[in-house]
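Novice: So that we are looking at the same thing, I have put the structure below in structure tokens.
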Amino acid sequence: MRHRIAVVGGGPGGLTFARVLHRHDHPVTVLERDPAPDARPPGGTLDLHEKLGQLALEKAGLLAEFQALSRPEGQAMRILDTDGTVLRDWPARPDDQAHPEIDRGQLRDLLLGPLDVQWGRDVTEVVPETEDGVLVRFADGRQEAFDLVIGADGAWSRVRPAVSPATPHYTGITAVETSLDDVDTRHPDLARLIGDGSLAVYGVNRAIVAQRNSGGHVKAYAQFRAPLDWHTNLERHMGLIGHADLDLADVEAVRSGLPALFDGWAAPVLDLLRHGTAFVHRPLYVLPVSHTWTHVPGVTLLGDAAHLMPPLGAGANLAMLEGAELAESVAAASGPGDLDEAVRAFEEQMWARAGRWAKITTAGLERLVSPDPAEAIALFDEVQPA
């Protein structure tokens with residue numbers, strides 16, 4: 001028996017699920033809201049852990065191809081004081097495959113492979129337990145029925161309401177992301193400052209983090225504690241005397257105004273913001289640490305849709321492993337009852353593991369953007385090799 005399976009969302013988790021199911025010769029429908037793979041920038045770099053994301057790729061038969069694309073040197077990490085003093089410098093170890101980096105776009109293309117994704121399918125609602133199965137409704141008015149629908153559609157999942165009333169809440173920490181292109185040629189001093197991997201600078205309730213991607217591309221993130229509407233009155237919300245609103249859609253205004261939040265920091269560090277080519281406002285949202293739900297036949301979630309947590313290296317890894325594990329369970333299920341039991345077992349396993357990681361990352365974020373910058377350094381001392 002071939003179950004009618006749909007996964008909503010063409011991110012790392014959804015594509016891993018589909019790719020592993022495809023490897024087991026089971027048809028799967030991938031529904032993605034974006035109109036094309038390159039409809040928007042794919043985002044920055046990901047570090048895939050040996051026992052999480054890399055294990056998922058092994059299940060998909062893609063580990064060797066990943067290793068050819070990945071950047072083990074991207075595991076290097078450097079921490080500076082706000083005055084530019086180097087406080088910690090961990091070079092990447094030769095042949096270290098613990099958690100090499102890969103660009104999100106490269107990972108997406110690797111996972112897409114032979115998959116037939118239905119692009120431009122904007123899901124608006126999922127209705128379980130109808131006489132035809134699970135009904136998926138689309139923005140264009142059409143609808144389709146499936147035996148199992150997996151919500152891998154991220155923080156603001158359209159599938160989640162079918163199983164849970166939970167919605168993400170703001171952490172109180174905001175990030176503003178920017179990009180620098182061709183950094184080795186255009187900004188060689190910054191290239192040397194960043195090194196082969198990541199650079200981080202921690203101040204009081206502030207941080208600036210830069211990460212190398214491939215091809216001389218760098219992503220930089222200004223992180224700080226602030227209300228959601230911090231940019232509407234910088235003097236009232238952020239204590240910047242004489243500063244009013246900051247138009248986040250005005251690149252020049254953000255480029256010149258954002259460094260004011262880091263007054264007194266070393267000029268080379270602030271150049272990571274001053275040379276940014278585009279800026280994206282990213283308030284950090286999370287779901288409750290131990291988010292679970294009463295099982296609903298025919299619908300489940302994985303990745304950020306199930307357990308949105310602070311972006312500290314776990315989210316995509318968990319989503320990919322969950323996708324791979326669920327696909328293997330679905331492929332092994334022969335009858336309708338077997339399918340439902342497989343999904344129930346998957347959910348129990350996912351909740352336990354994701355709950356542990358949510359606690360770790362929530363505590364980590366509190367230490368990284370902290371009133372005491374020494375907490376951030378202590379956290380890295382705990383996780384980096386001696």
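Residues are named by chain letter and number: chains run A, B, ... in the order of the structure tokens, numbers start at 1 in each chain, and ligands are numbered from 1 in the order shown.
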Output as a PDB file with N, CA and C atoms, in the first residue's frame all residues of segment 165-281 of chain A that backbone DSSP marks as helix (DSSP H, G or I).
Specialist:
ATOM      1  N   VAL A 183      34.519  39.647   0.351  1.00  0.00           N
ATOM      2  CA  VAL A 183      35.183  40.292   1.478  1.00  0.00           C
ATOM      3  C   VAL A 183      36.707  40.219   1.384  1.00  0.00           C
ATOM      4  N   ASP A 184      37.243  39.158   0.805  1.00  0.00           N
ATOM      5  CA  ASP A 184      38.699  39.021   0.738  1.00  0.00           C
ATOM      6  C   ASP A 184      39.337  40.075  -0.159  1.00  0.00           C
ATOM      7  N   THR A 185      38.602  40.493  -1.182  1.00  0.00           N
ATOM      8  CA  THR A 185      39.122  41.503  -2.101  1.00  0.00           C
ATOM      9  C   THR A 185      38.727  42.912  -1.669  1.00  0.00           C
ATOM     10  N   ARG A 186      37.458  43.092  -1.307  1.00  0.00           N
ATOM     11  CA  ARG A 186      36.948  44.436  -1.016  1.00  0.00           C
ATOM     12  C   ARG A 186      37.247  44.893   0.403  1.00  0.00           C
ATOM     13  N   PRO A 188      39.829  43.344   2.861  1.00  0.00           N
ATOM     14  CA  PRO A 188      40.811  42.353   3.324  1.00  0.00           C
ATOM     15  C   PRO A 188      41.081  42.420   4.822  1.00  0.00           C
ATOM     16  N   ASP A 189      41.012  43.612   5.422  1.00  0.00           N
ATOM     17  CA  ASP A 189      41.235  43.711   6.871  1.00  0.00           C
ATOM     18  C   ASP A 189      40.138  42.976   7.640  1.00  0.00           C
ATOM     19  N   LEU A 190      38.895  43.118   7.179  1.00  0.00           N
ATOM     20  CA  LEU A 190      37.798  42.403   7.827  1.00  0.00           C
ATOM     21  C   LEU A 190      37.917  40.904   7.591  1.00  0.00           C
ATOM     22  N   ALA A 191      38.373  40.520   6.406  1.00  0.00           N
ATOM     23  CA  ALA A 191      38.562  39.098   6.107  1.00  0.00           C
ATOM     24  C   ALA A 191      39.557  38.477   7.084  1.00  0.00           C
ATOM     25  N   ARG A 192      40.645  39.185   7.351  1.00  0.00           N
ATOM     26  CA  ARG A 192      41.642  38.674   8.299  1.00  0.00           C
ATOM     27  C   ARG A 192      41.081  38.660   9.723  1.00  0.00           C
ATOM     28  N   LEU A 193      40.296  39.677  10.042  1.00  0.00           N
ATOM     29  CA  LEU A 193      39.703  39.756  11.382  1.00  0.00           C
ATOM     30  C   LEU A 193      38.787  38.563  11.648  1.00  0.00           C
ATOM     31  N   ILE A 194      37.975  38.215  10.665  1.00  0.00           N
ATOM     32  CA  ILE A 194      37.011  37.116  10.807  1.00  0.00           C
ATOM     33  C   ILE A 194      37.720  35.767  10.787  1.00  0.00           C
ATOM     34  N   TRP A 230      11.589  48.643  19.067  1.00  0.00           N
ATOM     35  CA  TRP A 230      12.773  49.403  19.468  1.00  0.00           C
ATOM     36  C   TRP A 230      13.140  50.503  18.479  1.00  0.00           C
ATOM     37  N   HIS A 231      12.880  50.264  17.207  1.00  0.00           N
ATOM     38  CA  HIS A 231      13.323  51.177  16.149  1.00  0.00           C
ATOM     39  C   HIS A 231      12.394  52.386  15.983  1.00  0.00           C
ATOM     40  N   THR A 232      11.254  52.379  16.683  1.00  0.00           N
ATOM     41  CA  THR A 232      10.301  53.490  16.524  1.00  0.00           C
ATOM     42  C   THR A 232      10.665  54.711  17.352  1.00  0.00           C
ATOM     43  N   LEU A 234      14.349  55.471  19.260  1.00  0.00           N
ATOM     44  CA  LEU A 234      15.621  54.979  19.787  1.00  0.00           C
ATOM     45  C   LEU A 234      15.991  55.639  21.112  1.00  0.00           C
ATOM     46  N   GLU A 235      15.564  56.869  21.295  1.00  0.00           N
ATOM     47  CA  GLU A 235      15.881  57.543  22.557  1.00  0.00           C
ATOM     48  C   GLU A 235      15.122  56.903  23.715  1.00  0.00           C
ATOM     49  N   ARG A 236      13.841  56.641  23.531  1.00  0.00           N
ATOM     50  CA  ARG A 236      13.027  56.073  24.601  1.00  0.00           C
ATOM     51  C   ARG A 236      13.334  54.593  24.832  1.00  0.00           C
ATOM     52  N   HIS A 237      13.461  53.832  23.728  1.00  0.00           N
ATOM     53  CA  HIS A 237      13.618  52.388  23.866  1.00  0.00           C
ATOM     54  C   HIS A 237      15.060  51.947  24.107  1.00  0.00           C
ATOM     55  N   MET A 238      16.014  52.669  23.517  1.00  0.00           N
ATOM     56  CA  MET A 238      17.404  52.207  23.536  1.00  0.00           C
ATOM     57  C   MET A 238      18.350  53.179  24.237  1.00  0.00           C
ATOM     58  N   VAL A 251      18.208  51.332   3.781  1.00  0.00           N
ATOM     59  CA  VAL A 251      19.515  50.702   3.975  1.00  0.00           C
ATOM     60  C   VAL A 251      20.540  51.697   4.500  1.00  0.00           C
ATOM     61  N   GLU A 252      20.576  52.893   3.913  1.00  0.00           N
ATOM     62  CA  GLU A 252      21.565  53.881   4.342  1.00  0.00           C
ATOM     63  C   GLU A 252      21.331  54.310   5.784  1.00  0.00           C
ATOM     64  N   ALA A 253      20.057  54.469   6.155  1.00  0.00           N
ATOM     65  CA  ALA A 253      19.741  54.881   7.525  1.00  0.00           C
ATOM     66  C   ALA A 253      20.175  53.814   8.517  1.00  0.00           C
ATOM     67  N   VAL A 254      19.936  52.539   8.195  1.00  0.00           N
ATOM     68  CA  VAL A 254      20.325  51.459   9.102  1.00  0.00           C
ATOM     69  C   VAL A 254      21.842  51.347   9.160  1.00  0.00           C
ATOM     70  N   ARG A 255      22.497  51.452   8.015  1.00  0.00           N
ATOM     71  CA  ARG A 255      23.954  51.333   7.964  1.00  0.00           C
ATOM     72  C   ARG A 255      24.628  52.393   8.837  1.00  0.00           C
ATOM     73  N   SER A 256      24.089  53.597   8.831  1.00  0.00           N
ATOM     74  CA  SER A 256      24.698  54.666   9.618  1.00  0.00           C
ATOM     75  C   SER A 256      24.187  54.703  11.053  1.00  0.00           C
ATOM     76  N   GLY A 257      22.935  54.253  11.278  1.00  0.00           N
ATOM     77  CA  GLY A 257      22.334  54.370  12.605  1.00  0.00           C
ATOM     78  C   GLY A 257      22.595  53.192  13.515  1.00  0.00           C
ATOM     79  N   LEU A 258      22.704  51.984  12.957  1.00  0.00           N
ATOM     80  CA  LEU A 258      22.850  50.788  13.780  1.00  0.00           C
ATOM     81  C   LEU A 258      24.102  50.810  14.651  1.00  0.00           C
ATOM     82  N   PRO A 259      25.254  51.285  14.137  1.00  0.00           N
ATOM     83  CA  PRO A 259      26.454  51.307  14.994  1.00  0.00           C
ATOM     84  C   PRO A 259      26.294  52.136  16.265  1.00  0.00           C
ATOM     85  N   ALA A 260      25.331  53.044  16.300  1.00  0.00           N
ATOM     86  CA  ALA A 260      25.116  53.844  17.512  1.00  0.00           C
ATOM     87  C   ALA A 260      24.719  52.975  18.698  1.00  0.00           C
ATOM     88  N   LEU A 261      24.143  51.804  18.425  1.00  0.00           N
ATOM     89  CA  LEU A 261      23.792  50.889  19.504  1.00  0.00           C
ATOM     90  C   LEU A 261      25.030  50.253  20.132  1.00  0.00           C
ATOM     91  N   PHE A 262      26.173  50.390  19.461  1.00  0.00           N
ATOM     92  CA  PHE A 262      27.419  49.775  19.923  1.00  0.00           C
ATOM     93  C   PHE A 262      28.483  50.855  20.125  1.00  0.00           C
ATOM     94  N   ALA A 267      36.482  50.239  16.014  1.00  0.00           N
ATOM     95  CA  ALA A 267      36.076  50.595  14.658  1.00  0.00           C
ATOM     96  C   ALA A 267      36.046  49.404  13.702  1.00  0.00           C
ATOM     97  N   PRO A 268      37.052  48.503  13.728  1.00  0.00           N
ATOM     98  CA  PRO A 268      36.985  47.359  12.808  1.00  0.00           C
ATOM     99  C   PRO A 268      35.758  46.475  13.043  1.00  0.00           C
ATOM    100  N   VAL A 269      35.316  46.348  14.293  1.00  0.00           N
ATOM    101  CA  VAL A 269      34.121  45.566  14.582  1.00  0.00           C
ATOM    102  C   VAL A 269      32.893  46.244  14.007  1.00  0.00           C
ATOM    103  N   LEU A 270      32.810  47.565  14.191  1.00  0.00           N
ATOM    104  CA  LEU A 270      31.653  48.294  13.675  1.00  0.00           C
ATOM    105  C   LEU A 270      31.657  48.353  12.151  1.00  0.00           C
ATOM    106  N   ASP A 271      32.840  48.188  11.539  1.00  0.00           N
ATOM    107  CA  ASP A 271      32.897  48.158  10.068  1.00  0.00           C
ATOM    108  C   ASP A 271      32.114  46.986   9.505  1.00  0.00           C
ATOM    109  N   LEU A 272      31.917  45.926  10.290  1.00  0.00           N
ATOM    110  CA  LEU A 272      31.084  44.814   9.836  1.00  0.00           C
ATOM    111  C   LEU A 272      29.663  45.287   9.554  1.00  0.00           C
ATOM    112  N   LEU A 273      29.202  46.301  10.272  1.00  0.00           N
ATOM    113  CA  LEU A 273      27.878  46.873  10.039  1.00  0.00           C
ATOM    114  C   LEU A 273      27.941  47.988   9.002  1.00  0.00           C
ATOM    115  N   ARG A 274      28.971  48.805   9.064  1.00  0.00           N
ATOM    116  CA  ARG A 274      29.069  49.969   8.167  1.00  0.00           C
ATOM    117  C   ARG A 274      29.241  49.580   6.708  1.00  0.00           C
TER     118      ARG A 274
END
Novice: Leu57 of chain A: which residues within 8 Å, counting only C-alpha atoms, same-chain residues fewer than 4 positions away excluded, as a list of chain:residue names?
Specialist: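 Residues meeting the cut-off are A:Thr16, A:Gly53, A:Gly61, A:Leu62, A:Leu63, A:Phe66, A:Met320.
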Novice: Mind checking which residues fall within 12 Å of segment 367-369 of chain A, counting only C-alpha atoms, ignoring those fewer than 5 positions away in the same chain, and posting them as a PyMOL selection string?
Specialist: chain A and resi 79+171-175+200-209+222-226+284+310-312+360-362+374-380
Novice: Please write the residues from the selection above to a file, keeping C-alpha atoms, as a PDB file, in the first residue's frame.
Specialist:
ATOM      1  CA  ILE A  79      36.084  36.035  20.250  1.00  0.00           C
ATOM      2  CA  THR A 171      12.438  36.354  23.418  1.00  0.00           C
ATOM      3  CA  GLY A 172      13.242  40.013  24.042  1.00  0.00           C
ATOM      4  CA  ILE A 173      16.307  39.713  21.797  1.00  0.00           C
ATOM      5  CA  THR A 174      16.489  41.074  18.277  1.00  0.00           C
ATOM      6  CA  ALA A 175      18.998  40.510  15.499  1.00  0.00           C
ATOM      7  CA  ALA A 200      31.986  37.156  17.913  1.00  0.00           C
ATOM      8  CA  VAL A 201      32.138  40.241  20.106  1.00  0.00           C
ATOM      9  CA  TYR A 202      30.111  40.419  23.324  1.00  0.00           C
ATOM     10  CA  GLY A 203      29.173  43.515  25.314  1.00  0.00           C
ATOM     11  CA  VAL A 204      26.507  44.396  27.866  1.00  0.00           C
ATOM     12  CA  ASN A 205      23.235  43.062  26.382  1.00  0.00           C
ATOM     13  CA  ARG A 206      24.835  43.363  22.952  1.00  0.00           C
ATOM     14  CA  ALA A 207      26.702  41.154  20.491  1.00  0.00           C
ATOM     15  CA  ILE A 208      28.065  41.336  16.968  1.00  0.00           C
ATOM     16  CA  VAL A 209      28.667  38.017  15.222  1.00  0.00           C
ATOM     17  CA  ALA A 222      23.932  42.728  15.390  1.00  0.00           C
ATOM     18  CA  GLN A 223      22.130  41.241  18.405  1.00  0.00           C
ATOM     19  CA  PHE A 224      20.669  43.138  21.352  1.00  0.00           C
ATOM     20  CA  ARG A 225      17.964  43.124  24.000  1.00  0.00           C
ATOM     21  CA  ALA A 226      15.121  45.422  23.001  1.00  0.00           C
ATOM     22  CA  LEU A 284      14.042  36.084  17.804  1.00  0.00           C
ATOM     23  CA  PRO A 310      16.977  30.075  19.639  1.00  0.00           C
ATOM     24  CA  PRO A 311      19.205  29.867  16.530  1.00  0.00           C
ATOM     25  CA  LEU A 312      22.267  28.350  18.171  1.00  0.00           C
ATOM     26  CA  ILE A 360      20.136  24.090  26.168  1.00  0.00           C
ATOM     27  CA  THR A 361      19.624  26.758  23.508  1.00  0.00           C
ATOM     28  CA  THR A 362      17.305  28.886  25.637  1.00  0.00           C
ATOM     29  CA  ALA A 374      31.873  37.097  30.636  1.00  0.00           C
ATOM     30  CA  GLU A 375      28.939  34.652  30.579  1.00  0.00           C
ATOM     31  CA  ALA A 376      29.210  34.391  26.784  1.00  0.00           C
ATOM     32  CA  ILE A 377      32.911  33.628  26.912  1.00  0.00           C
ATOM     33  CA  ALA A 378      32.395  31.082  29.683  1.00  0.00           C
ATOM     34  CA  LEU A 379      29.781  29.326  27.557  1.00  0.00           C
ATOM     35  CA  PHE A 380      32.228  28.964  24.672  1.00  0.00           C
TER      36      PHE A 380
END
Novice: Taking only segment 112-146 of chain A into account, list the residues labelled strand (DSSP E or B) by DSSP (computed from the backbone), as number ranges by chain.
Specialist: A: 117-119, 123-130, 133-138, 143-146
Novice: Would you pick out the contacts of Ala155 of chain A at 10 Å or less, using only C-alpha atoms, so that residues sharing its chain but fewer than 6 positions from it are not included, and give the list as a ChimeraX atom specification?
Specialist: /A:167-168,285-287,303-309
Novice: Restricting it to N, CA, C and O atoms, dump the selection as a PDB file, in the first residue's frame.
Specialist:
ATOM      1  N   THR A 167       1.652  29.398  19.704  1.00  0.00           N
ATOM      2  CA  THR A 167       2.237  30.347  18.755  1.00  0.00           C
ATOM      3  C   THR A 167       3.560  30.841  19.322  1.00  0.00           C
ATOM      4  O   THR A 167       3.741  30.898  20.543  1.00  0.00           O
ATOM      5  N   PRO A 168       4.511  31.211  18.461  1.00  0.00           N
ATOM      6  CA  PRO A 168       5.806  31.681  18.953  1.00  0.00           C
ATOM      7  C   PRO A 168       5.674  32.976  19.750  1.00  0.00           C
ATOM      8  O   PRO A 168       4.811  33.808  19.476  1.00  0.00           O
ATOM      9  N   TYR A 285      12.093  34.677  17.957  1.00  0.00           N
ATOM     10  CA  TYR A 285      10.895  34.081  18.538  1.00  0.00           C
ATOM     11  C   TYR A 285      11.175  32.621  18.888  1.00  0.00           C
ATOM     12  O   TYR A 285      12.022  31.972  18.254  1.00  0.00           O
ATOM     13  N   VAL A 286      10.446  32.110  19.861  1.00  0.00           N
ATOM     14  CA  VAL A 286      10.554  30.697  20.237  1.00  0.00           C
ATOM     15  C   VAL A 286       9.174  30.149  20.588  1.00  0.00           C
ATOM     16  O   VAL A 286       8.260  30.909  20.918  1.00  0.00           O
ATOM     17  N   LEU A 287       9.040  28.837  20.507  1.00  0.00           N
ATOM     18  CA  LEU A 287       7.877  28.138  21.050  1.00  0.00           C
ATOM     19  C   LEU A 287       8.184  27.738  22.498  1.00  0.00           C
ATOM     20  O   LEU A 287       9.354  27.755  22.913  1.00  0.00           O
ATOM     21  N   GLY A 303      10.826  20.037  12.981  1.00  0.00           N
ATOM     22  CA  GLY A 303      11.624  21.256  12.869  1.00  0.00           C
ATOM     23  C   GLY A 303      11.010  22.429  13.617  1.00  0.00           C
ATOM     24  O   GLY A 303      10.361  22.261  14.650  1.00  0.00           O
ATOM     25  N   ASP A 304      11.214  23.636  13.090  1.00  0.00           N
ATOM     26  CA  ASP A 304      10.739  24.848  13.756  1.00  0.00           C
ATOM     27  C   ASP A 304       9.227  24.862  13.937  1.00  0.00           C
ATOM     28  O   ASP A 304       8.720  25.494  14.866  1.00  0.00           O
ATOM     29  N   ALA A 305       8.498  24.199  13.075  1.00  0.00           N
ATOM     30  CA  ALA A 305       7.046  24.134  13.236  1.00  0.00           C
ATOM     31  C   ALA A 305       6.680  23.446  14.542  1.00  0.00           C
ATOM     32  O   ALA A 305       5.666  23.767  15.171  1.00  0.00           O
ATOM     33  N   ALA A 306       7.527  22.510  14.977  1.00  0.00           N
ATOM     34  CA  ALA A 306       7.260  21.730  16.177  1.00  0.00           C
ATOM     35  C   ALA A 306       7.937  22.297  17.414  1.00  0.00           C
ATOM     36  O   ALA A 306       7.398  22.228  18.518  1.00  0.00           O
ATOM     37  N   HIS A 307       9.143  22.871  17.240  1.00  0.00           N
ATOM     38  CA  HIS A 307       9.941  23.245  18.415  1.00  0.00           C
ATOM     39  C   HIS A 307      10.873  24.411  18.104  1.00  0.00           C
ATOM     40  O   HIS A 307      12.087  24.302  18.258  1.00  0.00           O
ATOM     41  N   LEU A 308      10.326  25.523  17.691  1.00  0.00           N
ATOM     42  CA  LEU A 308      11.128  26.703  17.400  1.00  0.00           C
ATOM     43  C   LEU A 308      11.942  27.097  18.629  1.00  0.00           C
ATOM     44  O   LEU A 308      11.399  27.313  19.705  1.00  0.00           O
ATOM     45  N   MET A 309      13.252  27.187  18.448  1.00  0.00           N
ATOM     46  CA  MET A 309      14.146  27.500  19.566  1.00  0.00           C
ATOM     47  C   MET A 309      15.184  28.520  19.111  1.00  0.00           C
ATOM     48  O   MET A 309      15.292  28.819  17.915  1.00  0.00           O
TER      49      MET A 309
END
